[in-house]
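Quick look at model33.pdb (PDB, C-alpha atoms, pLDDT in the B column):
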```pdb
ATOM      1  CA  MET A   1      59.450  88.176 -58.163  1.00 36.00           C
ATOM      2  CA  ARG A   2      56.699  86.878 -55.912  1.00 34.00           C
ATOM      3  CA  GLN A   3      57.351  83.364 -54.616  1.00 38.00           C
ATOM      4  CA  GLY A   4      53.728  82.249 -55.050  1.00 37.00           C
ATOM      5  CA  MET A   5      53.653  83.095 -58.754  1.00 37.00           C
ATOM      6  CA  PHE A   6      57.031  81.441 -59.312  1.00 42.00           C
ATOM      7  CA  ALA A   7      56.011  78.231 -57.579  1.00 42.00           C
ATOM      8  CA  GLY A   8      52.752  77.995 -59.532  1.00 42.00           C
ATOM      9  CA  ALA A   9      54.495  78.386 -62.883  1.00 47.00           C
ATOM     10  CA  PHE A  10      56.834  75.501 -62.191  1.00 42.00           C
ATOM     11  CA  VAL A  11      54.176  73.278 -60.658  1.00 33.00           C
ATOM     12  CA  ALA A  12      52.405  73.579 -64.018  1.00 33.00           C
ATOM     13  CA  VAL A  13      55.583  72.333 -65.740  1.00 35.00           C
ATOM     14  CA  ALA A  14      55.648  69.187 -63.626  1.00 31.00           C
ATOM     15  CA  VAL A  15      51.948  68.465 -64.154  1.00 29.00           C
ATOM     16  CA  LEU A  16      51.963  69.174 -67.895  1.00 33.00           C
ATOM     17  CA  ALA A  17      55.194  67.295 -68.499  1.00 34.00           C
ATOM     18  CA  THR A  18      53.246  64.059 -68.180  1.00 34.00           C
ATOM     19  CA  ALA A  19      50.300  65.235 -70.297  1.00 37.00           C
ATOM     20  CA  GLY A  20      51.813  64.850 -73.789  1.00 40.00           C
ATOM     21  CA  SER A  21      53.849  62.029 -75.212  1.00 40.00           C
ATOM     22  CA  ALA A  22      55.596  61.374 -78.487  1.00 38.00           C
ATOM     23  CA  ALA A  23      53.370  58.352 -79.098  1.00 48.00           C
ATOM     24  CA  SER A  24      50.128  60.306 -78.838  1.00 53.00           C
ATOM     25  CA  GLY A  25      51.526  63.545 -80.306  1.00 89.00           C
ATOM     26  CA  TYR A  26      51.274  66.914 -78.629  1.00 96.00           C
ATOM     27  CA  LYS A  27      48.735  69.368 -80.062  1.00 97.00           C
ATOM     28  CA  GLU A  28      47.693  72.739 -78.727  1.00 98.00           C
ATOM     29  CA  THR A  29      46.330  76.004 -80.083  1.00 98.00           C
ATOM     30  CA  LEU A  30      47.323  79.201 -78.278  1.00 98.00           C
ATOM     31  CA  THR A  31      46.224  82.768 -78.994  1.00 98.00           C
ATOM     32  CA  LEU A  32      47.483  86.132 -77.751  1.00 98.00           C
ATOM     33  CA  GLN A  33      47.005  89.660 -79.089  1.00 97.00           C
ATOM     34  CA  GLY A  34      45.106  88.405 -82.144  1.00 97.00           C
ATOM     35  CA  ILE A  35      47.816  85.943 -83.220  1.00 98.00           C
ATOM     36  CA  THR A  36      47.142  82.189 -83.052  1.00 98.00           C
ATOM     37  CA  PHE A  37      49.782  79.453 -82.910  1.00 98.00           C
ATOM     38  CA  ASP A  38      48.952  75.818 -83.669  1.00 98.00           C
ATOM     39  CA  VAL A  39      51.665  73.691 -82.060  1.00 98.00           C
ATOM     40  CA  SER A  40      51.961  70.011 -82.950  1.00 97.00           C
ATOM     41  CA  GLU A  41      54.422  67.212 -82.452  1.00 97.00           C
ATOM     42  CA  THR A  42      54.864  64.224 -84.742  1.00 95.00           C
ATOM     43  CA  ALA A  43      57.034  61.237 -84.021  1.00 90.00           C
ATOM     44  CA  SER A  44      58.227  58.489 -86.306  1.00 83.00           C
ATOM     45  CA  GLY A  45      60.608  55.998 -84.747  1.00 80.00           C
ATOM     46  CA  SER A  46      63.278  57.965 -82.913  1.00 80.00           C
ATOM     47  CA  ALA A  47      62.676  61.169 -84.917  1.00 85.00           C
ATOM     48  CA  THR A  48      60.424  63.846 -83.444  1.00 94.00           C
ATOM     49  CA  LYS A  49      59.382  67.085 -85.107  1.00 96.00           C
ATOM     50  CA  VAL A  50      57.615  70.087 -83.638  1.00 97.00           C
ATOM     51  CA  THR A  51      55.641  72.346 -85.970  1.00 97.00           C
ATOM     52  CA  ILE A  52      54.424  75.858 -85.173  1.00 98.00           C
ATOM     53  CA  LYS A  53      51.816  77.218 -87.558  1.00 98.00           C
ATOM     54  CA  PRO A  54      50.931  80.886 -86.999  1.00 98.00           C
ATOM     55  CA  SER A  55      47.796  82.637 -88.179  1.00 98.00           C
ATOM     56  CA  GLY A  56      46.809  86.283 -87.990  1.00 98.00           C
ATOM     57  CA  LEU A  57      50.198  87.685 -89.001  1.00 98.00           C
ATOM     58  CA  ALA A  58      49.945  90.487 -91.566  1.00 97.00           C
ATOM     59  CA  THR A  59      52.601  89.247 -94.015  1.00 97.00           C
ATOM     60  CA  VAL A  60      53.915  85.692 -93.516  1.00 97.00           C
ATOM     61  CA  ASN A  61      51.978  82.844 -91.869  1.00 98.00           C
ATOM     62  CA  ASP A  62      54.246  79.983 -92.993  1.00 98.00           C
ATOM     63  CA  PRO A  63      54.639  77.082 -90.566  1.00 98.00           C
ATOM     64  CA  VAL A  64      58.074  76.292 -89.115  1.00 98.00           C
ATOM     65  CA  THR A  65      59.277  72.791 -88.213  1.00 97.00           C
ATOM     66  CA  HIS A  66      62.143  71.749 -85.922  1.00 96.00           C
ATOM     67  CA  ASP A  67      63.690  68.356 -85.213  1.00 95.00           C
ATOM     68  CA  ILE A  68      63.877  67.791 -81.473  1.00 95.00           C
ATOM     69  CA  ASP A  69      65.624  65.177 -79.375  1.00 90.00           C
ATOM     70  CA  GLY A  70      62.769  64.051 -77.149  1.00 92.00           C
ATOM     71  CA  ARG A  71      59.237  65.300 -76.810  1.00 94.00           C
ATOM     72  CA  VAL A  72      57.162  68.425 -76.324  1.00 96.00           C
ATOM     73  CA  VAL A  73      55.890  68.861 -72.775  1.00 95.00           C
ATOM     74  CA  ARG A  74      53.937  72.107 -73.177  1.00 95.00           C
ATOM     75  CA  ALA A  75      53.745  75.488 -74.901  1.00 98.00           C
ATOM     76  CA  GLU A  76      53.137  79.055 -73.752  1.00 98.00           C
ATOM     77  CA  VAL A  77      52.415  82.366 -75.458  1.00 98.00           C
ATOM     78  CA  ALA A  78      53.599  85.606 -73.906  1.00 97.00           C
ATOM     79  CA  ASP A  79      54.730  89.126 -74.672  1.00 97.00           C
ATOM     80  CA  ILE A  80      57.634  89.263 -72.254  1.00 97.00           C
ATOM     81  CA  ASP A  81      59.206  92.336 -73.830  1.00 95.00           C
ATOM     82  CA  ALA A  82      55.799  94.111 -73.789  1.00 95.00           C
ATOM     83  CA  ASN A  83      56.121  95.331 -77.401  1.00 95.00           C
ATOM     84  CA  GLY A  84      52.579  94.366 -78.441  1.00 96.00           C
ATOM     85  CA  SER A  85      53.720  91.364 -80.518  1.00 97.00           C
ATOM     86  CA  PRO A  86      53.490  87.910 -78.901  1.00 98.00           C
ATOM     87  CA  GLU A  87      56.070  85.143 -78.677  1.00 98.00           C
ATOM     88  CA  ILE A  88      55.523  81.376 -78.677  1.00 98.00           C
ATOM     89  CA  TYR A  89      57.588  79.095 -76.408  1.00 98.00           C
ATOM     90  CA  VAL A  90      57.499  75.307 -76.942  1.00 98.00           C
ATOM     91  CA  PHE A  91      59.143  73.453 -74.047  1.00 97.00           C
ATOM     92  CA  THR A  92      60.788  70.095 -74.702  1.00 95.00           C
ATOM     93  CA  VAL A  93      62.575  67.385 -72.751  1.00 93.00           C
ATOM     94  CA  SER A  94      65.299  65.167 -74.228  1.00 92.00           C
ATOM     95  CA  ARG A  95      65.077  61.386 -74.261  1.00 87.00           C
ATOM     96  CA  VAL A  96      68.581  60.710 -73.012  1.00 83.00           C
ATOM     97  CA  ASP A  97      69.322  62.999 -70.056  1.00 81.00           C
ATOM     98  CA  GLN A  98      65.910  64.603 -69.496  1.00 86.00           C
ATOM     99  CA  ALA A  99      67.462  68.006 -70.264  1.00 91.00           C
ATOM    100  CA  GLY A 100      64.957  70.743 -70.962  1.00 92.00           C
ATOM    101  CA  GLY A 101      64.907  72.718 -74.166  1.00 94.00           C
ATOM    102  CA  VAL A 102      62.802  75.344 -75.870  1.00 96.00           C
ATOM    103  CA  VAL A 103      61.842  76.248 -79.416  1.00 97.00           C
ATOM    104  CA  ALA A 104      60.846  79.923 -79.404  1.00 98.00           C
ATOM    105  CA  TYR A 105      59.672  82.516 -81.919  1.00 98.00           C
ATOM    106  CA  SER A 106      58.796  86.183 -81.727  1.00 97.00           C
ATOM    107  CA  THR A 107      56.373  87.919 -84.040  1.00 96.00           C
ATOM    108  CA  ASN A 108      57.825  90.993 -85.704  1.00 94.00           C
ATOM    109  CA  ASN A 109      55.242  93.749 -85.353  1.00 95.00           C
ATOM    110  CA  LYS A 110      52.639  91.011 -85.964  1.00 97.00           C
ATOM    111  CA  LYS A 111      53.874  90.628 -89.557  1.00 97.00           C
ATOM    112  CA  SER A 112      56.113  87.526 -89.515  1.00 97.00           C
ATOM    113  CA  MET A 113      58.001  85.256 -87.111  1.00 97.00           C
ATOM    114  CA  SER A 114      61.691  85.165 -86.210  1.00 96.00           C
ATOM    115  CA  GLU A 115      63.373  82.514 -84.106  1.00 97.00           C
ATOM    116  CA  ILE A 116      64.509  83.475 -80.619  1.00 97.00           C
ATOM    117  CA  TYR A 117      68.004  82.259 -79.778  1.00 96.00           C
ATOM    118  CA  VAL A 118      68.029  80.693 -76.321  1.00 96.00           C
ATOM    119  CA  PRO A 119      71.591  79.818 -75.284  1.00 95.00           C
ATOM    120  CA  PRO A 120      72.064  76.236 -74.085  1.00 93.00           C
ATOM    121  CA  ILE A 121      72.996  75.920 -70.413  1.00 93.00           C
ATOM    122  CA  SER A 122      76.090  73.981 -71.501  1.00 90.00           C
ATOM    123  CA  ASP A 123      77.415  77.122 -73.273  1.00 93.00           C
ATOM    124  CA  ASP A 124      77.794  78.869 -69.896  1.00 95.00           C
ATOM    125  CA  PRO A 125      80.670  77.141 -68.023  1.00 95.00           C
ATOM    126  CA  LYS A 126      80.087  79.023 -64.770  1.00 96.00           C
ATOM    127  CA  ASN A 127      76.328  78.487 -64.519  1.00 96.00           C
ATOM    128  CA  SER A 128      76.322  74.968 -65.961  1.00 94.00           C
ATOM    129  CA  ALA A 129      78.587  73.707 -63.153  1.00 94.00           C
ATOM    130  CA  GLY A 130      76.517  71.134 -61.283  1.00 94.00           C
ATOM    131  CA  TYR A 131      73.914  70.813 -64.061  1.00 93.00           C
ATOM    132  CA  ALA A 132      72.680  67.269 -64.771  1.00 91.00           C
ATOM    133  CA  GLY A 133      69.479  67.786 -66.761  1.00 88.00           C
ATOM    134  CA  ARG A 134      65.937  67.547 -65.407  1.00 89.00           C
ATOM    135  CA  ASP A 135      65.586  71.320 -65.617  1.00 93.00           C
ATOM    136  CA  GLU A 136      62.243  73.098 -65.677  1.00 94.00           C
ATOM    137  CA  SER A 137      61.486  76.240 -67.663  1.00 95.00           C
ATOM    138  CA  ALA A 138      58.604  78.685 -67.733  1.00 96.00           C
ATOM    139  CA  ILE A 139      57.674  82.243 -68.540  1.00 97.00           C
ATOM    140  CA  VAL A 140      57.525  84.009 -65.189  1.00 96.00           C
ATOM    141  CA  GLU A 141      56.761  87.713 -64.772  1.00 89.00           C
ATOM    142  CA  ASN A 142      58.216  88.863 -68.107  1.00 94.00           C
ATOM    143  CA  SER A 143      61.265  86.593 -67.967  1.00 97.00           C
ATOM    144  CA  TYR A 144      62.213  83.223 -69.394  1.00 98.00           C
ATOM    145  CA  VAL A 145      63.274  81.227 -66.338  1.00 98.00           C
ATOM    146  CA  THR A 146      65.093  77.887 -66.108  1.00 97.00           C
ATOM    147  CA  ARG A 147      65.803  76.158 -62.833  1.00 97.00           C
ATOM    148  CA  PHE A 148      67.551  72.915 -61.991  1.00 96.00           C
ATOM    149  CA  LYS A 149      68.914  70.855 -59.114  1.00 95.00           C
ATOM    150  CA  LEU A 150      72.656  71.088 -58.589  1.00 96.00           C
ATOM    151  CA  TYR A 151      74.758  67.920 -58.521  1.00 95.00           C
ATOM    152  CA  SER A 152      78.302  67.180 -57.420  1.00 93.00           C
ATOM    153  CA  GLY A 153      80.272  64.831 -59.642  1.00 83.00           C
ATOM    154  CA  SER A 154      79.168  63.678 -63.085  1.00 78.00           C
ATOM    155  CA  GLY A 155      77.622  60.696 -64.834  1.00 77.00           C
ATOM    156  CA  PRO A 156      76.585  57.797 -62.583  1.00 81.00           C
ATOM    157  CA  GLU A 157      78.649  59.318 -59.753  1.00 85.00           C
ATOM    158  CA  ALA A 158      76.583  62.559 -59.710  1.00 86.00           C
ATOM    159  CA  ARG A 159      74.847  63.202 -56.396  1.00 93.00           C
ATOM    160  CA  PRO A 160      72.299  65.950 -55.601  1.00 94.00           C
ATOM    161  CA  THR A 161      73.645  68.734 -53.402  1.00 96.00           C
ATOM    162  CA  GLY A 162      70.229  69.829 -52.148  1.00 96.00           C
ATOM    163  CA  LYS A 163      70.606  73.209 -53.873  1.00 97.00           C
ATOM    164  CA  MET A 164      68.861  74.713 -56.913  1.00 98.00           C
ATOM    165  CA  ARG A 165      70.071  77.238 -59.493  1.00 98.00           C
ATOM    166  CA  GLN A 166      67.685  79.529 -61.342  1.00 98.00           C
ATOM    167  CA  LEU A 167      68.670  81.412 -64.510  1.00 98.00           C
ATOM    168  CA  GLN A 168      66.471  84.346 -65.545  1.00 98.00           C
ATOM    169  CA  TYR A 169      66.633  85.721 -69.081  1.00 98.00           C
ATOM    170  CA  LYS A 170      65.227  88.817 -70.780  1.00 98.00           C
ATOM    171  CA  LEU A 171      64.232  88.984 -74.452  1.00 97.00           C
ATOM    172  CA  ARG A 172      66.370  91.417 -76.450  1.00 96.00           C
ATOM    173  CA  PRO A 173      66.713  92.259 -80.138  1.00 93.00           C
ATOM    174  CA  GLY A 174      69.816  90.653 -81.644  1.00 86.00           C
ATOM    175  CA  GLU A 175      71.841  91.399 -84.731  1.00 85.00           C
ATOM    176  CA  ALA A 176      69.605  89.368 -87.054  1.00 83.00           C
ATOM    177  CA  GLY A 177      66.715  88.341 -84.813  1.00 88.00           C
ATOM    178  CA  TRP A 178      65.894  87.912 -81.148  1.00 95.00           C
ATOM    179  CA  LYS A 179      67.871  86.425 -78.273  1.00 96.00           C
ATOM    180  CA  MET A 180      67.537  85.617 -74.600  1.00 97.00           C
ATOM    181  CA  VAL A 181      70.123  87.435 -72.484  1.00 97.00           C
ATOM    182  CA  LEU A 182      70.993  86.245 -68.987  1.00 97.00           C
ATOM    183  CA  ASP A 183      69.695  88.800 -66.493  1.00 97.00           C
ATOM    184  CA  LYS A 184      69.939  87.176 -63.074  1.00 97.00           C
ATOM    185  CA  VAL A 185      71.208  84.007 -61.372  1.00 98.00           C
ATOM    186  CA  VAL A 186      69.777  82.825 -58.059  1.00 97.00           C
ATOM    187  CA  GLU A 187      70.874  79.846 -55.976  1.00 97.00           C
ATOM    188  CA  TYR A 188      68.918  78.500 -53.060  1.00 96.00           C
TER     189      TYR A 188
END
```

Take the structure I supplied and represent it as C-alpha cells, if you would.
Amino acid sequence: MRQGMFAGAFVAVAVLATAGSAASGYKETLTLQGITFDVSETASGSATKVTIKPSGLATVNDPVTHDIDGRVVRAEVADIDANGSPEIYVFTVSRVDQAGGVVAYSTNNKKSMSEIYVPPISDDPKNSAGYAGRDESAIVENSYVTRFKLYSGSGPEARPTGKMRQLQYKLRPGEAGWKMVLDKVVEY
C-alpha cells in the first residue's frame, strides 16, 4: 500500500465528516459500473435512518433502510473484489462515543443487493484492546480499512498512547451473503 494514497483517503474522511449533519440530512448520489445509489439520511429527534436506493439493477431495485446511532459522514462506491459488480459503503459516526460504523451492500451480478457483514471492532478482543472510538474508515486499494488511535485505560481515565492501529479487510462471499474478513493488522 502506498503511503500517499492511504493518507489522502483518510484526509477525505476528516474533511467530509464535517460536511453532513443529522439536522440538514445527508444526501448523495453515487454511480459505478452502470449502477446508481441514492444515499439519504433522515433524522427525527434522536432517531436517524439511512436509506440506500439502487437503480440499474436487473432484478430488484428496492430501497433498504437502516436505523443508525449517530449520523452519516460520507459514502463511497467501489468494486473491491473486482467482480464487475459494485458495492456501496455508507460511513457513520455514533453520537455517544464517536465510534465509526458502516452500512454496506454488494450487488449480486448487478441483479440485486445483499448486505455486507462488517464485524464490529468490539467483537475482536485482541484488536479492540486500546480502542476508544474516533476511528476512521475508507476504501483503500481494494480493501476496507479502519484505523484508530490506541488508548491506555478506559472511560474518563483513557489516555492516548501515541500509537495507531489499522485493520484491513477483504470482501469475501459468506454462507448467505457477503462479509469482510480481517486480512492484515498494522500498528505504528

**Q.** Two-atom distance - CA of Thr48 in chain A, CA of Val96 in chain A (Å)
**A.** 13.6 Å

**Q.** Hits of the PyMOL selection byres ((chain A and resi 62) around 12) in this structure, as a count of residues only
**A.** 20

Q: Apply the PyMOL selection byres ((chain A and resi 142) around 10) to the structure shown and report the selected residues as a VMD selection string.
A: chain A and resid 78 to 82 139 to 141 143 to 145 168 to 171

Next, dump the selected residues to file, keeping only C-alpha atoms, as an mmCIF file, in the frame of the given file.
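Printed below is result_31.cif as written:
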```
data_model
loop_
_atom_site.group_PDB
_atom_site.id
_atom_site.type_symbol
_atom_site.label_atom_id
_atom_site.label_comp_id
_atom_site.auth_asym_id
_atom_site.auth_seq_id
_atom_site.Cartn_x
_atom_site.Cartn_y
_atom_site.Cartn_z
ATOM 1 C CA ALA A 78 53.599 85.606 -73.906
ATOM 2 C CA ASP A 79 54.730 89.126 -74.672
ATOM 3 C CA ILE A 80 57.634 89.263 -72.254
ATOM 4 C CA ASP A 81 59.206 92.336 -73.830
ATOM 5 C CA ALA A 82 55.799 94.111 -73.789
ATOM 6 C CA ILE A 139 57.674 82.243 -68.540
ATOM 7 C CA VAL A 140 57.525 84.009 -65.189
ATOM 8 C CA GLU A 141 56.761 87.713 -64.772
ATOM 9 C CA SER A 143 61.265 86.593 -67.967
ATOM 10 C CA TYR A 144 62.213 83.223 -69.394
ATOM 11 C CA VAL A 145 63.274 81.227 -66.338
ATOM 12 C CA GLN A 168 66.471 84.346 -65.545
ATOM 13 C CA TYR A 169 66.633 85.721 -69.081
ATOM 14 C CA LYS A 170 65.227 88.817 -70.780
ATOM 15 C CA LEU A 171 64.232 88.984 -74.452
#
```

Q: Please measure the separation of CA of Ser128 in chain A and CA of Arg71 in chain A, giving the value in Å to one decimal.
A: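 Pair CA of Ser128 in chain A / CA of Arg71 in chain A returns 22.4 Å.
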
(Q) Since I can't run it myself right now, could you work out what the PyMOL selection byres ((chain A and resi 95) around 10) selects here and report it as a list in words? (A)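 In the shown coordinates, the PyMOL selection byres ((chain A and resi 95) around 10) covers Ser46, Ile68, Asp69, Gly70, Arg71, Thr92, Val93, Ser94, Val96, Asp97, Gln98, Ala99 and Gly100 of chain A.
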
Would you put the residues from that selection into a file with C-alpha atoms, as a PDB file, in the coordinates of the input?
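The result, stored in again.pdb:
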```
ATOM      1  CA  SER A  46      63.278  57.965 -82.913  1.00 80.00           C
ATOM      2  CA  ILE A  68      63.877  67.791 -81.473  1.00 95.00           C
ATOM      3  CA  ASP A  69      65.624  65.177 -79.375  1.00 90.00           C
ATOM      4  CA  GLY A  70      62.769  64.051 -77.149  1.00 92.00           C
ATOM      5  CA  ARG A  71      59.237  65.300 -76.810  1.00 94.00           C
ATOM      6  CA  THR A  92      60.788  70.095 -74.702  1.00 95.00           C
ATOM      7  CA  VAL A  93      62.575  67.385 -72.751  1.00 93.00           C
ATOM      8  CA  SER A  94      65.299  65.167 -74.228  1.00 92.00           C
ATOM      9  CA  VAL A  96      68.581  60.710 -73.012  1.00 83.00           C
ATOM     10  CA  ASP A  97      69.322  62.999 -70.056  1.00 81.00           C
ATOM     11  CA  GLN A  98      65.910  64.603 -69.496  1.00 86.00           C
ATOM     12  CA  ALA A  99      67.462  68.006 -70.264  1.00 91.00           C
ATOM     13  CA  GLY A 100      64.957  70.743 -70.962  1.00 92.00           C
TER      14      GLY A 100
END
```

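Going from CA of Ser152 in chain A to CA of Arg74 in chain A covers 29.4 Å.
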
Q: May I ask which of the residues A:Val77, A:Val186, A:Ala158, A:Val50 is the closest one to Gly34 in chain A, counting all atoms listed in the file?
A: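 Closest candidate: A:Val77.
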
Would you mind completing range 29-63 of chain A to N, CA and C atoms and writing the output as a compact mmCIF listing (two decimals), in the frame of the given file?
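Resulting contents of out_37.txt:
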```
# COMPACT_ATOMS: atom_id res chain seq x y z
N THR A 29 46.52 74.73 -79.41
CA THR A 29 46.33 76.00 -80.08
C THR A 29 46.33 77.10 -79.02
N LEU A 30 47.18 78.11 -79.23
CA LEU A 30 47.32 79.20 -78.28
C LEU A 30 47.14 80.52 -79.02
N THR A 31 46.48 81.47 -78.38
CA THR A 31 46.22 82.77 -78.99
C THR A 31 46.57 83.89 -78.02
N LEU A 32 47.19 84.93 -78.53
CA LEU A 32 47.48 86.13 -77.75
C LEU A 32 47.56 87.31 -78.71
N GLN A 33 46.94 88.41 -78.34
CA GLN A 33 47.00 89.66 -79.09
C GLN A 33 46.61 89.48 -80.56
N GLY A 34 45.62 88.60 -80.80
CA GLY A 34 45.11 88.40 -82.14
C GLY A 34 45.92 87.46 -83.01
N ILE A 35 46.99 86.89 -82.48
CA ILE A 35 47.82 85.94 -83.22
C ILE A 35 47.60 84.55 -82.62
N THR A 36 47.36 83.57 -83.49
CA THR A 36 47.14 82.19 -83.05
C THR A 36 48.31 81.32 -83.49
N PHE A 37 48.70 80.40 -82.62
CA PHE A 37 49.78 79.45 -82.91
C PHE A 37 49.24 78.05 -82.72
N ASP A 38 49.27 77.24 -83.78
CA ASP A 38 48.95 75.82 -83.67
C ASP A 38 50.27 75.09 -83.51
N VAL A 39 50.43 74.41 -82.37
CA VAL A 39 51.66 73.69 -82.06
C VAL A 39 51.36 72.20 -82.12
N SER A 40 52.17 71.46 -82.87
CA SER A 40 51.96 70.01 -82.95
C SER A 40 53.30 69.30 -82.97
N GLU A 41 53.25 68.07 -82.49
CA GLU A 41 54.42 67.21 -82.45
C GLU A 41 54.09 65.94 -83.23
N THR A 42 55.03 65.50 -84.05
CA THR A 42 54.86 64.22 -84.74
C THR A 42 56.12 63.40 -84.51
N ALA A 43 55.91 62.13 -84.28
CA ALA A 43 57.03 61.24 -84.02
C ALA A 43 56.96 60.05 -84.96
N SER A 44 58.11 59.67 -85.45
CA SER A 44 58.23 58.49 -86.31
C SER A 44 59.53 57.80 -85.92
N GLY A 45 59.41 56.66 -85.24
CA GLY A 45 60.61 56.00 -84.75
C GLY A 45 61.28 56.85 -83.70
N SER A 46 62.57 57.13 -83.89
CA SER A 46 63.28 57.96 -82.91
C SER A 46 63.29 59.44 -83.31
N ALA A 47 62.71 59.78 -84.47
CA ALA A 47 62.68 61.17 -84.92
C ALA A 47 61.41 61.86 -84.45
N THR A 48 61.56 63.05 -83.89
CA THR A 48 60.42 63.85 -83.44
C THR A 48 60.54 65.24 -84.04
N LYS A 49 59.43 65.74 -84.54
CA LYS A 49 59.38 67.08 -85.11
C LYS A 49 58.31 67.89 -84.39
N VAL A 50 58.61 69.17 -84.17
CA VAL A 50 57.62 70.09 -83.64
C VAL A 50 57.34 71.12 -84.73
N THR A 51 56.05 71.38 -84.96
CA THR A 51 55.64 72.35 -85.97
C THR A 51 54.83 73.45 -85.30
N ILE A 52 55.16 74.69 -85.65
CA ILE A 52 54.42 75.86 -85.17
C ILE A 52 53.83 76.52 -86.40
N LYS A 53 52.49 76.59 -86.43
CA LYS A 53 51.82 77.22 -87.56
C LYS A 53 51.09 78.47 -87.04
N PRO A 54 51.58 79.66 -87.44
CA PRO A 54 50.93 80.89 -87.00
C PRO A 54 49.75 81.24 -87.90
N SER A 55 48.84 82.01 -87.36
CA SER A 55 47.80 82.64 -88.18
C SER A 55 47.47 84.00 -87.57
N GLY A 56 47.10 84.93 -88.44
CA GLY A 56 46.81 86.28 -87.99
C GLY A 56 47.94 87.26 -88.22
N LEU A 57 49.09 86.78 -88.69
CA LEU A 57 50.20 87.68 -89.00
C LEU A 57 49.90 88.41 -90.31
N ALA A 58 50.30 89.66 -90.42
CA ALA A 58 49.94 90.49 -91.57
C ALA A 58 50.63 90.08 -92.87
N THR A 59 51.85 89.51 -92.80
CA THR A 59 52.60 89.25 -94.02
C THR A 59 52.87 87.77 -94.27
N VAL A 60 53.50 87.07 -93.32
CA VAL A 60 53.92 85.69 -93.52
C VAL A 60 53.33 84.81 -92.42
N ASN A 61 52.55 83.80 -92.82
CA ASN A 61 51.98 82.84 -91.87
C ASN A 61 52.46 81.42 -92.16
N ASP A 62 53.69 81.29 -92.66
CA ASP A 62 54.25 79.98 -92.99
C ASP A 62 54.58 79.20 -91.73
N PRO A 63 54.27 77.90 -91.73
CA PRO A 63 54.64 77.08 -90.57
C PRO A 63 56.14 76.86 -90.52
```
